[in-house]
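Everything below belongs to work_36.cif, which stores mmCIF, C-alpha atoms and all ligand atoms.
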```
data_coords
#
loop_
_atom_site.group_PDB
_atom_site.id
_atom_site.type_symbol
_atom_site.label_atom_id
_atom_site.label_comp_id
_atom_site.auth_asym_id
_atom_site.auth_seq_id
_atom_site.Cartn_x
_atom_site.Cartn_y
_atom_site.Cartn_z
ATOM 1 C CA MET A 6 0.000 0.000 0.000
ATOM 2 C CA THR A 7 1.129 3.517 -0.561
ATOM 3 C CA ASP A 8 0.256 5.486 2.545
ATOM 4 C CA GLY A 9 -0.537 4.021 5.866
ATOM 5 C CA ASP A 10 -1.677 6.971 7.967
ATOM 6 C CA ALA A 11 -5.237 7.975 8.570
ATOM 7 C CA GLY A 12 -6.182 10.845 6.326
ATOM 8 C CA SER A 13 -3.345 10.322 3.855
ATOM 9 C CA ASP A 14 -4.076 9.608 0.230
ATOM 10 C CA ASP A 15 -2.226 8.788 -2.975
ATOM 11 C CA THR A 16 -1.374 12.400 -3.548
ATOM 12 C CA ALA A 17 0.065 13.187 -0.133
ATOM 13 C CA PRO A 18 3.091 15.382 -0.823
ATOM 14 C CA GLY A 19 6.630 14.517 0.143
ATOM 15 C CA PRO A 20 6.953 11.157 1.782
ATOM 16 C CA LEU A 21 7.784 7.997 -0.037
ATOM 17 C CA PRO A 22 5.360 5.111 0.122
ATOM 18 C CA ASP A 23 5.492 3.198 3.417
ATOM 19 C CA ASP A 24 6.466 0.015 1.692
ATOM 20 C CA VAL A 25 9.802 1.170 0.303
ATOM 21 C CA VAL A 26 10.927 -2.436 -0.035
ATOM 22 C CA ALA A 27 8.095 -3.217 -2.448
ATOM 23 C CA VAL A 28 8.888 -0.052 -4.423
ATOM 24 C CA ARG A 29 12.542 -1.106 -4.701
ATOM 25 C CA ASP A 30 11.789 -4.692 -5.610
ATOM 26 C CA ALA A 31 9.344 -3.655 -8.310
ATOM 27 C CA LEU A 32 11.906 -1.415 -9.992
ATOM 28 C CA VAL A 33 14.803 -3.843 -9.769
ATOM 29 C CA SER A 34 12.804 -6.714 -11.202
ATOM 30 C CA TRP A 35 11.490 -4.486 -14.010
ATOM 31 C CA TYR A 36 15.070 -3.485 -14.815
ATOM 32 C CA GLU A 37 16.438 -6.997 -14.633
ATOM 33 C CA THR A 38 13.689 -8.408 -16.815
ATOM 34 C CA ASP A 39 14.441 -6.172 -19.749
ATOM 35 C CA HIS A 40 16.766 -3.244 -20.182
ATOM 36 C CA ARG A 41 18.774 -1.624 -22.904
ATOM 37 C CA SER A 42 22.074 -3.351 -23.134
ATOM 38 C CA TYR A 43 25.262 -1.330 -23.318
ATOM 39 C CA PRO A 44 28.623 -3.045 -23.157
ATOM 40 C CA TRP A 45 29.797 -0.954 -20.189
ATOM 41 C CA ARG A 46 26.883 -2.311 -18.209
ATOM 42 C CA GLU A 47 28.467 -5.740 -18.526
ATOM 43 C CA THR A 48 31.794 -4.759 -16.983
ATOM 44 C CA GLU A 49 32.941 -3.873 -13.487
ATOM 45 C CA ASP A 50 36.283 -2.507 -14.616
ATOM 46 C CA PRO A 51 36.545 1.081 -13.304
ATOM 47 C CA TYR A 52 38.733 2.170 -16.202
ATOM 48 C CA GLU A 53 36.260 0.933 -18.824
ATOM 49 C CA ILE A 54 33.396 2.522 -16.904
ATOM 50 C CA LEU A 55 35.199 5.828 -16.518
ATOM 51 C CA VAL A 56 35.859 5.960 -20.264
ATOM 52 C CA SER A 57 32.161 5.289 -21.003
ATOM 53 C CA GLU A 58 31.052 7.970 -18.536
ATOM 54 C CA VAL A 59 33.381 10.613 -19.921
ATOM 55 C CA MET A 60 32.365 9.783 -23.484
ATOM 56 C CA SER A 61 28.668 9.901 -22.739
ATOM 57 C CA GLN A 62 28.810 13.353 -21.201
ATOM 58 C CA GLN A 63 28.362 14.915 -24.608
ATOM 59 C CA THR A 64 27.528 12.124 -26.972
ATOM 60 C CA GLN A 65 24.414 10.010 -27.409
ATOM 61 C CA LEU A 66 24.761 6.590 -25.865
ATOM 62 C CA ASP A 67 24.183 4.683 -29.087
ATOM 63 C CA ARG A 68 27.055 6.537 -30.734
ATOM 64 C CA VAL A 69 29.351 6.016 -27.769
ATOM 65 C CA VAL A 70 29.363 2.227 -28.198
ATOM 66 C CA ASP A 71 31.701 2.133 -31.222
ATOM 67 C CA ALA A 72 33.980 4.848 -29.896
ATOM 68 C CA TRP A 73 34.238 3.102 -26.533
ATOM 69 C CA ARG A 74 35.177 -0.194 -28.158
ATOM 70 C CA ASP A 75 37.774 1.470 -30.414
ATOM 71 C CA PHE A 76 39.259 3.345 -27.468
ATOM 72 C CA LEU A 77 39.643 0.181 -25.414
ATOM 73 C CA ASP A 78 41.143 -1.676 -28.375
ATOM 74 C CA ARG A 79 43.749 1.026 -28.596
ATOM 75 C CA TRP A 80 44.374 1.536 -24.862
ATOM 76 C CA PRO A 81 43.033 -1.575 -23.125
ATOM 77 C CA THR A 82 44.118 -0.669 -19.586
ATOM 78 C CA VAL A 83 44.571 2.419 -17.487
ATOM 79 C CA ALA A 84 48.324 1.779 -17.640
ATOM 80 C CA ASP A 85 48.212 1.803 -21.454
ATOM 81 C CA LEU A 86 46.361 5.089 -21.454
ATOM 82 C CA ALA A 87 48.705 6.633 -18.908
ATOM 83 C CA ALA A 88 51.657 5.713 -21.121
ATOM 84 C CA ALA A 89 50.023 7.033 -24.288
ATOM 85 C CA ASP A 90 50.983 10.178 -26.107
ATOM 86 C CA ARG A 91 48.471 12.839 -25.151
ATOM 87 C CA ALA A 92 48.249 14.158 -28.710
ATOM 88 C CA ALA A 93 47.147 10.698 -29.859
ATOM 89 C CA VAL A 94 44.358 10.605 -27.279
ATOM 90 C CA VAL A 95 43.149 14.049 -28.330
ATOM 91 C CA ALA A 96 43.275 13.052 -31.997
ATOM 92 C CA PHE A 97 41.184 9.981 -31.223
ATOM 93 C CA TRP A 98 38.641 12.203 -29.510
ATOM 94 C CA SER A 99 38.359 14.542 -32.473
ATOM 95 C CA ASP A 100 38.221 11.720 -35.015
ATOM 96 C CA HIS A 101 35.276 10.185 -33.153
ATOM 97 C CA SER A 102 33.451 13.526 -32.654
ATOM 98 C CA LEU A 103 33.334 13.082 -28.905
ATOM 99 C CA GLY A 104 33.027 16.768 -27.999
ATOM 100 C CA TYR A 105 35.444 18.971 -26.110
ATOM 101 C CA ASN A 106 39.061 17.862 -26.516
ATOM 102 C CA ASN A 107 39.693 18.894 -22.929
ATOM 103 C CA ARG A 108 37.855 15.774 -21.839
ATOM 104 C CA ALA A 109 40.451 13.662 -23.642
ATOM 105 C CA LYS A 110 43.263 15.573 -21.943
ATOM 106 C CA TYR A 111 41.648 15.171 -18.524
ATOM 107 C CA LEU A 112 41.042 11.477 -19.087
ATOM 108 C CA HIS A 113 44.686 11.011 -19.967
ATOM 109 C CA GLU A 114 45.714 13.013 -16.908
ATOM 110 C CA ALA A 115 43.374 10.953 -14.691
ATOM 111 C CA ALA A 116 44.980 7.739 -15.977
ATOM 112 C CA GLN A 117 48.390 9.118 -14.982
ATOM 113 C CA GLN A 118 47.071 10.005 -11.522
ATOM 114 C CA VAL A 119 45.839 6.439 -11.060
ATOM 115 C CA ARG A 120 49.239 5.158 -12.116
ATOM 116 C CA ASP A 121 51.290 7.613 -10.077
ATOM 117 C CA ASP A 122 49.157 8.303 -6.996
ATOM 118 C CA TYR A 123 47.320 5.000 -6.563
ATOM 119 C CA ASP A 124 49.852 2.450 -7.815
ATOM 120 C CA GLY A 125 47.683 1.703 -10.798
ATOM 121 C CA ASP A 126 44.571 0.712 -8.822
ATOM 122 C CA PHE A 127 41.556 2.955 -9.013
ATOM 123 C CA PRO A 128 40.309 4.449 -5.758
ATOM 124 C CA THR A 129 36.895 3.079 -4.803
ATOM 125 C CA THR A 130 34.975 5.874 -3.074
ATOM 126 C CA PRO A 131 33.137 8.769 -4.734
ATOM 127 C CA GLU A 132 35.245 11.213 -2.685
ATOM 128 C CA GLU A 133 38.585 9.841 -3.863
ATOM 129 C CA LEU A 134 37.409 9.320 -7.412
ATOM 130 C CA SER A 135 36.394 12.959 -7.625
ATOM 131 C CA GLU A 136 40.042 13.877 -6.981
ATOM 132 C CA LEU A 137 40.846 12.551 -10.452
ATOM 133 C CA MET A 138 41.229 15.127 -13.186
ATOM 134 C CA GLY A 139 37.979 15.984 -14.938
ATOM 135 C CA VAL A 140 35.934 13.682 -12.721
ATOM 136 C CA GLY A 141 33.060 15.622 -11.163
ATOM 137 C CA PRO A 142 30.755 14.376 -8.423
ATOM 138 C CA TYR A 143 28.335 12.740 -10.860
ATOM 139 C CA THR A 144 31.006 10.748 -12.709
ATOM 140 C CA ALA A 145 32.787 9.833 -9.465
ATOM 141 C CA ASN A 146 29.576 8.442 -8.080
ATOM 142 C CA ALA A 147 28.778 6.586 -11.289
ATOM 143 C CA VAL A 148 32.189 4.878 -11.291
ATOM 144 C CA ALA A 149 31.938 4.071 -7.563
ATOM 145 C CA SER A 150 28.485 2.549 -8.171
ATOM 146 C CA PHE A 151 29.038 0.644 -11.370
ATOM 147 C CA ALA A 152 32.582 -0.556 -10.705
ATOM 148 C CA PHE A 153 32.567 -1.030 -6.939
ATOM 149 C CA ASN A 154 28.892 -1.087 -5.936
ATOM 150 C CA ASN A 155 29.975 1.611 -3.547
ATOM 151 C CA GLY A 156 28.170 4.740 -4.670
ATOM 152 C CA ASP A 157 25.497 7.070 -3.395
ATOM 153 C CA ALA A 158 22.143 7.509 -5.050
ATOM 154 C CA VAL A 159 22.473 9.188 -8.432
ATOM 155 C CA VAL A 160 20.358 12.321 -8.749
ATOM 156 C CA ASP A 161 20.380 13.595 -12.317
ATOM 157 C CA THR A 162 17.667 15.267 -14.364
ATOM 158 C CA ASN A 163 16.024 11.959 -15.212
ATOM 159 C CA VAL A 164 15.973 10.832 -11.607
ATOM 160 C CA LYS A 165 14.514 14.144 -10.451
ATOM 161 C CA ARG A 166 11.749 13.831 -13.021
ATOM 162 C CA VAL A 167 10.905 10.323 -11.815
ATOM 163 C CA LEU A 168 10.880 11.278 -8.125
ATOM 164 C CA TYR A 169 8.855 14.395 -8.731
ATOM 165 C CA ARG A 170 6.211 12.573 -10.720
ATOM 166 C CA ALA A 171 6.088 9.313 -8.823
ATOM 167 C CA PHE A 172 6.248 10.524 -5.227
ATOM 168 C CA ASP A 173 5.470 14.218 -5.499
ATOM 169 C CA VAL A 174 8.918 15.090 -4.144
ATOM 170 C CA PRO A 175 9.146 18.913 -4.115
ATOM 171 C CA ASP A 176 11.332 20.575 -6.732
ATOM 172 C CA ASP A 177 14.272 21.177 -4.413
ATOM 173 C CA ASP A 178 17.709 19.597 -4.708
ATOM 174 C CA SER A 179 18.009 18.654 -1.056
ATOM 175 C CA GLU A 180 14.563 17.022 -1.131
ATOM 176 C CA PHE A 181 15.544 15.036 -4.204
ATOM 177 C CA GLU A 182 18.797 13.978 -2.552
ATOM 178 C CA ARG A 183 16.976 12.881 0.565
ATOM 179 C CA ALA A 184 14.304 10.898 -1.275
ATOM 180 C CA ALA A 185 16.852 9.289 -3.591
ATOM 181 C CA ALA A 186 19.070 8.295 -0.653
ATOM 182 C CA LYS A 187 16.126 6.786 1.184
ATOM 183 C CA LEU A 188 15.162 4.708 -1.818
ATOM 184 C CA LEU A 189 18.661 3.353 -2.468
ATOM 185 C CA PRO A 190 18.933 -0.187 -1.071
ATOM 186 C CA ASP A 191 22.040 -0.554 1.119
ATOM 187 C CA GLY A 192 25.053 -1.780 -0.819
ATOM 188 C CA GLU A 193 23.097 -2.037 -4.083
ATOM 189 C CA SER A 194 24.097 1.135 -5.846
ATOM 190 C CA ARG A 195 25.156 -0.689 -9.008
ATOM 191 C CA VAL A 196 21.809 -2.172 -9.890
ATOM 192 C CA TRP A 197 19.775 0.584 -8.277
ATOM 193 C CA ASN A 198 21.361 3.540 -10.035
ATOM 194 C CA ASN A 199 21.222 1.703 -13.334
ATOM 195 C CA ALA A 200 17.572 0.832 -12.769
ATOM 196 C CA ILE A 201 16.307 4.261 -11.779
ATOM 197 C CA MET A 202 18.219 5.935 -14.609
ATOM 198 C CA GLU A 203 16.752 3.384 -16.999
ATOM 199 C CA LEU A 204 13.273 4.181 -15.707
ATOM 200 C CA GLY A 205 13.842 7.870 -16.388
ATOM 201 C CA GLY A 206 15.367 7.202 -19.801
ATOM 202 C CA VAL A 207 12.865 4.666 -21.102
ATOM 203 C CA ALA A 208 9.510 5.007 -19.308
ATOM 204 C CA CYS A 209 9.419 8.267 -17.385
ATOM 205 C CA ARG A 210 10.631 10.361 -20.293
ATOM 206 C CA LYS A 211 9.545 13.929 -20.807
ATOM 207 C CA LYS A 212 6.640 12.433 -22.709
ATOM 208 C CA PRO A 213 5.965 9.516 -20.405
ATOM 209 C CA ARG A 214 5.413 5.947 -21.587
ATOM 210 C CA CYS A 215 3.951 4.535 -18.393
ATOM 211 C CA ASP A 216 1.817 1.756 -19.856
ATOM 212 C CA GLU A 217 3.860 1.153 -22.988
ATOM 213 C CA GLU A 218 6.979 0.394 -20.940
ATOM 214 C CA GLY A 219 5.100 -1.327 -18.117
ATOM 215 C CA CYS A 220 6.366 1.155 -15.526
ATOM 216 C CA PRO A 221 6.673 -0.788 -12.271
ATOM 217 C CA TRP A 222 5.706 2.256 -10.167
ATOM 218 C CA ARG A 223 2.265 2.915 -11.646
ATOM 219 C CA GLU A 224 0.480 1.731 -8.542
ATOM 220 C CA TRP A 225 2.296 4.292 -6.384
ATOM 221 C CA CYS A 226 2.732 7.060 -8.904
ATOM 222 C CA HIS A 227 1.166 10.402 -8.127
ATOM 223 C CA ALA A 228 1.364 11.617 -11.726
ATOM 224 C CA TYR A 229 -0.150 8.429 -13.091
ATOM 225 C CA ALA A 230 -3.061 8.733 -10.693
ATOM 226 C CA THR A 231 -3.753 12.394 -11.286
ATOM 227 C CA GLY A 232 -2.845 12.735 -14.966
ATOM 228 C CA ASP A 233 -0.504 15.656 -14.189
ATOM 229 C CA PHE A 234 2.799 14.755 -15.857
ATOM 230 C CA THR A 235 4.540 18.079 -15.540
ATOM 231 C CA ALA A 236 7.995 17.955 -13.926
ATOM 232 C CA PRO A 237 10.875 20.339 -13.199
ATOM 233 C CA ASP A 238 12.160 19.873 -16.753
ATOM 234 C CA VAL A 239 8.662 19.507 -18.251
ATOM 235 C CA PRO A 240 6.909 22.749 -17.284
ATOM 236 C CA THR A 241 3.815 22.230 -19.411
ATOM 237 C CA GLN A 242 1.694 19.119 -19.615
ATOM 238 C CA PRO A 243 3.255 16.813 -22.234
ATOM 239 C CA GLU A 244 1.094 15.616 -25.085
ATOM 240 C CA PHE A 245 -0.173 12.075 -25.108
ATOM 241 C CA ASP A 246 -0.999 9.702 -27.875
ATOM 242 C CA GLY A 247 -4.460 9.431 -26.392
ATOM 243 C CA SER A 248 -6.355 11.210 -23.673
ATOM 244 C CA ARG A 249 -6.974 8.177 -21.526
ATOM 245 C CA ARG A 250 -4.511 9.141 -18.844
ATOM 246 C CA GLN A 251 -5.945 12.603 -18.636
ATOM 247 C CA MET A 252 -9.383 11.078 -18.196
ATOM 248 C CA ARG A 253 -8.028 8.847 -15.459
ATOM 249 C CA GLY A 254 -6.621 11.913 -13.778
ATOM 250 C CA ARG A 255 -9.981 13.656 -13.939
ATOM 251 C CA VAL A 256 -11.762 10.659 -12.437
ATOM 252 C CA ILE A 257 -9.330 10.630 -9.543
ATOM 253 C CA SER A 258 -9.468 14.350 -8.900
ATOM 254 C CA THR A 259 -13.286 14.358 -9.091
ATOM 255 C CA LEU A 260 -13.597 11.432 -6.697
ATOM 256 C CA LYS A 261 -11.334 13.237 -4.275
ATOM 257 C CA GLU A 262 -13.996 15.892 -3.907
ATOM 258 C CA TYR A 263 -16.855 13.454 -3.304
ATOM 259 C CA ASP A 264 -17.148 10.405 -1.092
ATOM 260 C CA GLU A 265 -18.746 8.476 -3.902
ATOM 261 C CA LEU A 266 -20.540 9.163 -7.151
ATOM 262 C CA GLY A 267 -22.813 7.235 -9.498
ATOM 263 C CA LEU A 268 -21.731 6.840 -13.110
ATOM 264 C CA ASP A 269 -24.067 9.530 -14.407
ATOM 265 C CA GLU A 270 -22.924 11.971 -11.776
ATOM 266 C CA LEU A 271 -19.263 11.266 -12.321
ATOM 267 C CA GLY A 272 -19.407 11.129 -16.141
ATOM 268 C CA PRO A 273 -20.245 14.789 -16.865
ATOM 269 C CA ARG A 274 -17.562 15.909 -14.449
ATOM 270 C CA VAL A 275 -14.983 13.906 -16.383
ATOM 271 C CA ARG A 276 -16.134 14.748 -19.924
ATOM 272 C CA VAL A 277 -18.441 17.565 -20.906
ATOM 273 C CA ASP A 278 -19.742 15.393 -23.756
ATOM 274 C CA TYR A 279 -20.642 12.489 -21.456
ATOM 275 C CA ALA A 280 -24.027 10.947 -22.380
ATOM 276 C CA PRO A 281 -25.140 7.715 -20.640
ATOM 277 C CA ASP A 282 -25.731 5.845 -23.889
ATOM 278 C CA GLY A 283 -23.326 7.771 -26.084
ATOM 279 C CA GLU A 284 -19.836 7.058 -27.301
ATOM 280 C CA TYR A 285 -18.551 8.503 -24.072
ATOM 281 C CA GLY A 286 -21.164 7.045 -21.799
ATOM 282 C CA ARG A 287 -21.594 4.419 -19.116
ATOM 283 C CA GLU A 288 -19.816 1.713 -21.030
ATOM 284 C CA TRP A 289 -16.790 3.925 -21.636
ATOM 285 C CA LEU A 290 -16.729 5.157 -18.050
ATOM 286 C CA SER A 291 -17.144 1.657 -16.593
ATOM 287 C CA GLU A 292 -14.154 0.476 -18.560
ATOM 288 C CA LEU A 293 -12.062 3.401 -17.361
ATOM 289 C CA LEU A 294 -13.131 2.735 -13.764
ATOM 290 C CA SER A 295 -12.370 -0.928 -14.103
ATOM 291 C CA ASP A 296 -8.787 -0.087 -15.200
ATOM 292 C CA LEU A 297 -8.429 2.208 -12.211
ATOM 293 C CA ALA A 298 -9.829 -0.515 -9.952
ATOM 294 C CA ASP A 299 -7.320 -3.007 -11.379
ATOM 295 C CA ASP A 300 -4.597 -0.553 -10.485
ATOM 296 C CA GLY A 301 -5.920 -0.370 -6.948
ATOM 297 C CA LEU A 302 -6.919 3.286 -7.206
ATOM 298 C CA VAL A 303 -10.737 3.166 -7.070
ATOM 299 C CA GLU A 304 -13.505 0.857 -5.904
ATOM 300 C CA VAL A 305 -16.701 0.291 -7.847
ATOM 301 C CA ASP A 306 -19.901 -1.323 -6.547
ATOM 302 C CA GLY A 307 -22.689 -2.543 -8.845
ATOM 303 C CA ASP A 308 -23.118 -2.247 -12.621
ATOM 304 C CA ASP A 309 -25.322 0.348 -14.316
ATOM 305 C CA GLU A 310 -26.170 1.949 -11.010
ATOM 306 C CA ALA A 311 -22.552 1.642 -9.962
ATOM 307 C CA LEU A 312 -21.064 3.833 -7.283
ATOM 308 C CA ALA A 313 -17.395 4.745 -7.557
ATOM 309 C CA ARG A 314 -15.122 5.977 -4.825
ATOM 310 C CA LEU A 315 -11.405 6.298 -4.217
ATOM 311 C CA ARG A 316 -9.800 3.311 -2.625
ATOM 312 C CA ARG A 317 -8.551 4.330 0.796
HETATM 313 S S1 LIG B 1 3.860 5.730 -13.906
HETATM 314 FE FE1 LIG B 1 4.564 7.064 -15.571
HETATM 315 S S2 LIG B 1 4.883 9.043 -14.613
HETATM 316 FE FE2 LIG B 1 4.826 7.530 -12.983
HETATM 317 S S3 LIG B 1 6.951 6.933 -12.610
HETATM 318 FE FE3 LIG B 1 6.098 5.511 -14.078
HETATM 319 S S4 LIG B 1 6.602 6.344 -16.105
HETATM 320 FE FE4 LIG B 1 6.861 8.005 -14.595
#
```
As a first step, turn the structure in this file into structure tokens.
Amino acid sequence: MTDGDAGSDDTAPGPLPDDVVAVRDALVSWYETDHRSYPWRETEDPYEILVSEVMSQQTQLDRVVDAWRDFLDRWPTVADLAAADRAAVVAFWSDHSLGYNNRAKYLHEAAQQVRDDYDGDFPTTPEELSELMGVGPYTANAVASFAFNNGDAVVDTNVKRVLYRAFDVPDDDSEFERAAAKLLPDGESRVWNNAIMELGGVACRKKPRCDEEGCPWREWCHAYATGDFTAPDVPTQPEFDGSRRQMRGRVISTLKEYDELGLDELGPRVRVDYAPDGEYGREWLSELLSDLADDGLVEVDGDDEALARLRR
């Protein structure tokens, strides 16, 4: 269940659902069942992961794959890169259109730091990793998570969008940090950060694909229940392929104002063109309510004379 306290409802601001474990499990099993495969997701080598992170800062992931493979063919280990001629690394960067050449210089410098300051072994904490040249807090945390399973919760634009929509987390960096940290399962930053970023990249996109991608958080999601899919980086309501989610949102917000309503009382409040026997009539509304009931959001008693109410 989402909220346990008396008087709370699915739209209560701020707090995460009581059953955080169920929320975590749902996301991890969604991610593990089917996710985009990138070769750097199959490795735990910090050098290979660092190269993928630096490359993807300015380049679309699909294009990074070939460049990443070529780079590792040429400089397979951090020691190889440290020993390389810097001009060759920069030339590689330009030839593969990987963005600012400074990133190539910093990567080369970071490899030399690992060789000279850490005896060739990467440091394992976000703090130490961020001492490496060109490695900011985000990249340090990504390497700590994906290589060493030792990171904090990632909070990037995608993650903020997910938290804002799903749990109504206020648009404030410290609130996002707090919610993200609370969700992160202890010692599971590798799978967790991958999973939540995948959710933001595949399902909870600016134009969300909740049903199409089988989002595992629909039953808890505030935006899914209300139909309001705005987010910090999506200031106006995104367009949908159909209006069904908006209609769902209207049903929920109408039922919040009333204890319960019959179909013909609810219908006109959801659609101005509602007519009991029309295209948008009882049959249409019953089907919509039955979807919402399947998702655990409303309860419906009876058939034609049905009464609908929010599930408490
Ligand atoms: S149900 Fe939709 S809006 Fe909610 S978290 Fe999932 S994809 Fe995002």
Residues within 6 Å of ligand LIG 1 (chain B) (only C-alpha atoms and all ligand atoms), as a ChimeraX atom specification?
-> /A:167,170-171,208-209,213-215,220,222-223,226,228-229
Please, which residues are within 12 Å of (15.5, 9.2, -1.8) by the file's coordinates, counting only C-alpha atoms, and could they come as a PyMOL selection string?
-> chain A and resi 19-22+25+28-29+157-160+164-165+167-169+171-175+178-190+197-198+201
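Put simply, the PyMOL selection byres (((chain A and resi 60) around 9) and not hetatm) on this file hits A:Leu55, A:Val56, A:Ser57, A:Glu58, A:Val59, A:Ser61, A:Gln62, A:Gln63, A:Thr64, A:Gln65, A:Leu66, A:Val69, A:Ala72, A:Trp73, A:Leu103, A:Gly104, A:Arg108, A:Ala109.
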Since I can't run it myself right now, could you work out what the PyMOL selection byres (((chain A and resi 301) around 12) and not hetatm) selects here and report it as a PDB file with C-alpha atoms, keeping the file's coordinate frame?
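Wrote it out as result_24.pdb, contents follow:
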```pdb
ATOM      1  CA  MET A   6       0.000   0.000   0.000  1.00  0.00           C
ATOM      2  CA  THR A   7       1.129   3.517  -0.561  1.00  0.00           C
ATOM      3  CA  ASP A  15      -2.226   8.788  -2.975  1.00  0.00           C
ATOM      4  CA  ARG A 223       2.265   2.915 -11.646  1.00  0.00           C
ATOM      5  CA  GLU A 224       0.480   1.731  -8.542  1.00  0.00           C
ATOM      6  CA  TRP A 225       2.296   4.292  -6.384  1.00  0.00           C
ATOM      7  CA  CYS A 226       2.732   7.060  -8.904  1.00  0.00           C
ATOM      8  CA  ALA A 230      -3.061   8.733 -10.693  1.00  0.00           C
ATOM      9  CA  ILE A 257      -9.330  10.630  -9.543  1.00  0.00           C
ATOM     10  CA  LEU A 294     -13.131   2.735 -13.764  1.00  0.00           C
ATOM     11  CA  SER A 295     -12.370  -0.928 -14.103  1.00  0.00           C
ATOM     12  CA  ASP A 296      -8.787  -0.087 -15.200  1.00  0.00           C
ATOM     13  CA  LEU A 297      -8.429   2.208 -12.211  1.00  0.00           C
ATOM     14  CA  ALA A 298      -9.829  -0.515  -9.952  1.00  0.00           C
ATOM     15  CA  ASP A 299      -7.320  -3.007 -11.379  1.00  0.00           C
ATOM     16  CA  ASP A 300      -4.597  -0.553 -10.485  1.00  0.00           C
ATOM     17  CA  LEU A 302      -6.919   3.286  -7.206  1.00  0.00           C
ATOM     18  CA  VAL A 303     -10.737   3.166  -7.070  1.00  0.00           C
ATOM     19  CA  GLU A 304     -13.505   0.857  -5.904  1.00  0.00           C
ATOM     20  CA  VAL A 305     -16.701   0.291  -7.847  1.00  0.00           C
ATOM     21  CA  ARG A 314     -15.122   5.977  -4.825  1.00  0.00           C
ATOM     22  CA  LEU A 315     -11.405   6.298  -4.217  1.00  0.00           C
ATOM     23  CA  ARG A 316      -9.800   3.311  -2.625  1.00  0.00           C
ATOM     24  CA  ARG A 317      -8.551   4.330   0.796  1.00  0.00           C
TER      25      ARG A 317
END
```
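Distances here use only C-alpha atoms; by that measure, the residue among A:Ala236, A:Met202, A:Leu271, A:Met138 closest to His40 of chain A is A:Met202.
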Interatomic distance between atom CA of Ala84 of chain A and atom CA of Arg68 of chain A?
-> 25.4 Å
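Of note, atom CA of Phe153 of chain A and atom CA of Asn199 of chain A are spaced 13.3 Å apart.
The shell of residues at most 12 Å from Leu77 of chain A, with all atoms listed in the file counted and near chain neighbours (fewer than 5 positions) removed, consists of Pro44, Trp45, Asp50, Tyr52, Glu53, Ile54, Leu55, Val56, Ser57, Val70, Asp71, Ala72, Thr82, Val83, Ala84, Asp85, Leu86, Val94 and Phe97 of chain A.
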Go ahead and save the residues from that selection, with C-alpha atoms, as a PDB file, in the coordinates of the input.
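Below you can see selection.pdb, which holds the result:
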```pdb
ATOM      1  CA  PRO A  44      28.623  -3.045 -23.157  1.00  0.00           C
ATOM      2  CA  TRP A  45      29.797  -0.954 -20.189  1.00  0.00           C
ATOM      3  CA  ASP A  50      36.283  -2.507 -14.616  1.00  0.00           C
ATOM      4  CA  TYR A  52      38.733   2.170 -16.202  1.00  0.00           C
ATOM      5  CA  GLU A  53      36.260   0.933 -18.824  1.00  0.00           C
ATOM      6  CA  ILE A  54      33.396   2.522 -16.904  1.00  0.00           C
ATOM      7  CA  LEU A  55      35.199   5.828 -16.518  1.00  0.00           C
ATOM      8  CA  VAL A  56      35.859   5.960 -20.264  1.00  0.00           C
ATOM      9  CA  SER A  57      32.161   5.289 -21.003  1.00  0.00           C
ATOM     10  CA  VAL A  70      29.363   2.227 -28.198  1.00  0.00           C
ATOM     11  CA  ASP A  71      31.701   2.133 -31.222  1.00  0.00           C
ATOM     12  CA  ALA A  72      33.980   4.848 -29.896  1.00  0.00           C
ATOM     13  CA  THR A  82      44.118  -0.669 -19.586  1.00  0.00           C
ATOM     14  CA  VAL A  83      44.571   2.419 -17.487  1.00  0.00           C
ATOM     15  CA  ALA A  84      48.324   1.779 -17.640  1.00  0.00           C
ATOM     16  CA  ASP A  85      48.212   1.803 -21.454  1.00  0.00           C
ATOM     17  CA  LEU A  86      46.361   5.089 -21.454  1.00  0.00           C
ATOM     18  CA  VAL A  94      44.358  10.605 -27.279  1.00  0.00           C
ATOM     19  CA  PHE A  97      41.184   9.981 -31.223  1.00  0.00           C
TER      20      PHE A  97
END
```
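Nearest to Trp289 of chain A of all the residues A:Glu114, A:Asp269, A:Asp126, A:Pro243 is A:Asp269, based on all atoms listed in the file.
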Which residue gives the smallest distance to Ala313 of chain A among A:Asp264, A:Arg276, A:Ala96, A:Pro281, with only C-alpha atoms counted?
-> A:Asp264
What is the distance, in Å and to one decimal place, between atom CA of Trp80 of chain A and atom CA of Ala200 of chain A?
-> 29.4 Å
Using all atoms listed in the file, determine which residues lie at most 12 Å from Tyr123 of chain A, disregarding the query and same-chain residues fewer than 5 positions distant; provide the list as an mmCIF file with C-alpha atoms, in the coordinates of the input.
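Contents of the output file part.cif:
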```
data_model
loop_
_atom_site.group_PDB
_atom_site.id
_atom_site.type_symbol
_atom_site.label_atom_id
_atom_site.label_comp_id
_atom_site.auth_asym_id
_atom_site.auth_seq_id
_atom_site.Cartn_x
_atom_site.Cartn_y
_atom_site.Cartn_z
ATOM 1 C CA VAL A 83 44.571 2.419 -17.487
ATOM 2 C CA ALA A 84 48.324 1.779 -17.640
ATOM 3 C CA ALA A 115 43.374 10.953 -14.691
ATOM 4 C CA ALA A 116 44.980 7.739 -15.977
ATOM 5 C CA GLN A 117 48.390 9.118 -14.982
ATOM 6 C CA GLN A 118 47.071 10.005 -11.522
ATOM 7 C CA PRO A 128 40.309 4.449 -5.758
ATOM 8 C CA THR A 129 36.895 3.079 -4.803
ATOM 9 C CA GLU A 133 38.585 9.841 -3.863
ATOM 10 C CA LEU A 134 37.409 9.320 -7.412
ATOM 11 C CA GLU A 136 40.042 13.877 -6.981
ATOM 12 C CA LEU A 137 40.846 12.551 -10.452
#
```
Which of these residues is nearest to Gly125 of chain A, using all atoms listed in the file: A:Val26, A:Ala88, A:Val148, A:Val207?
-> A:Ala88
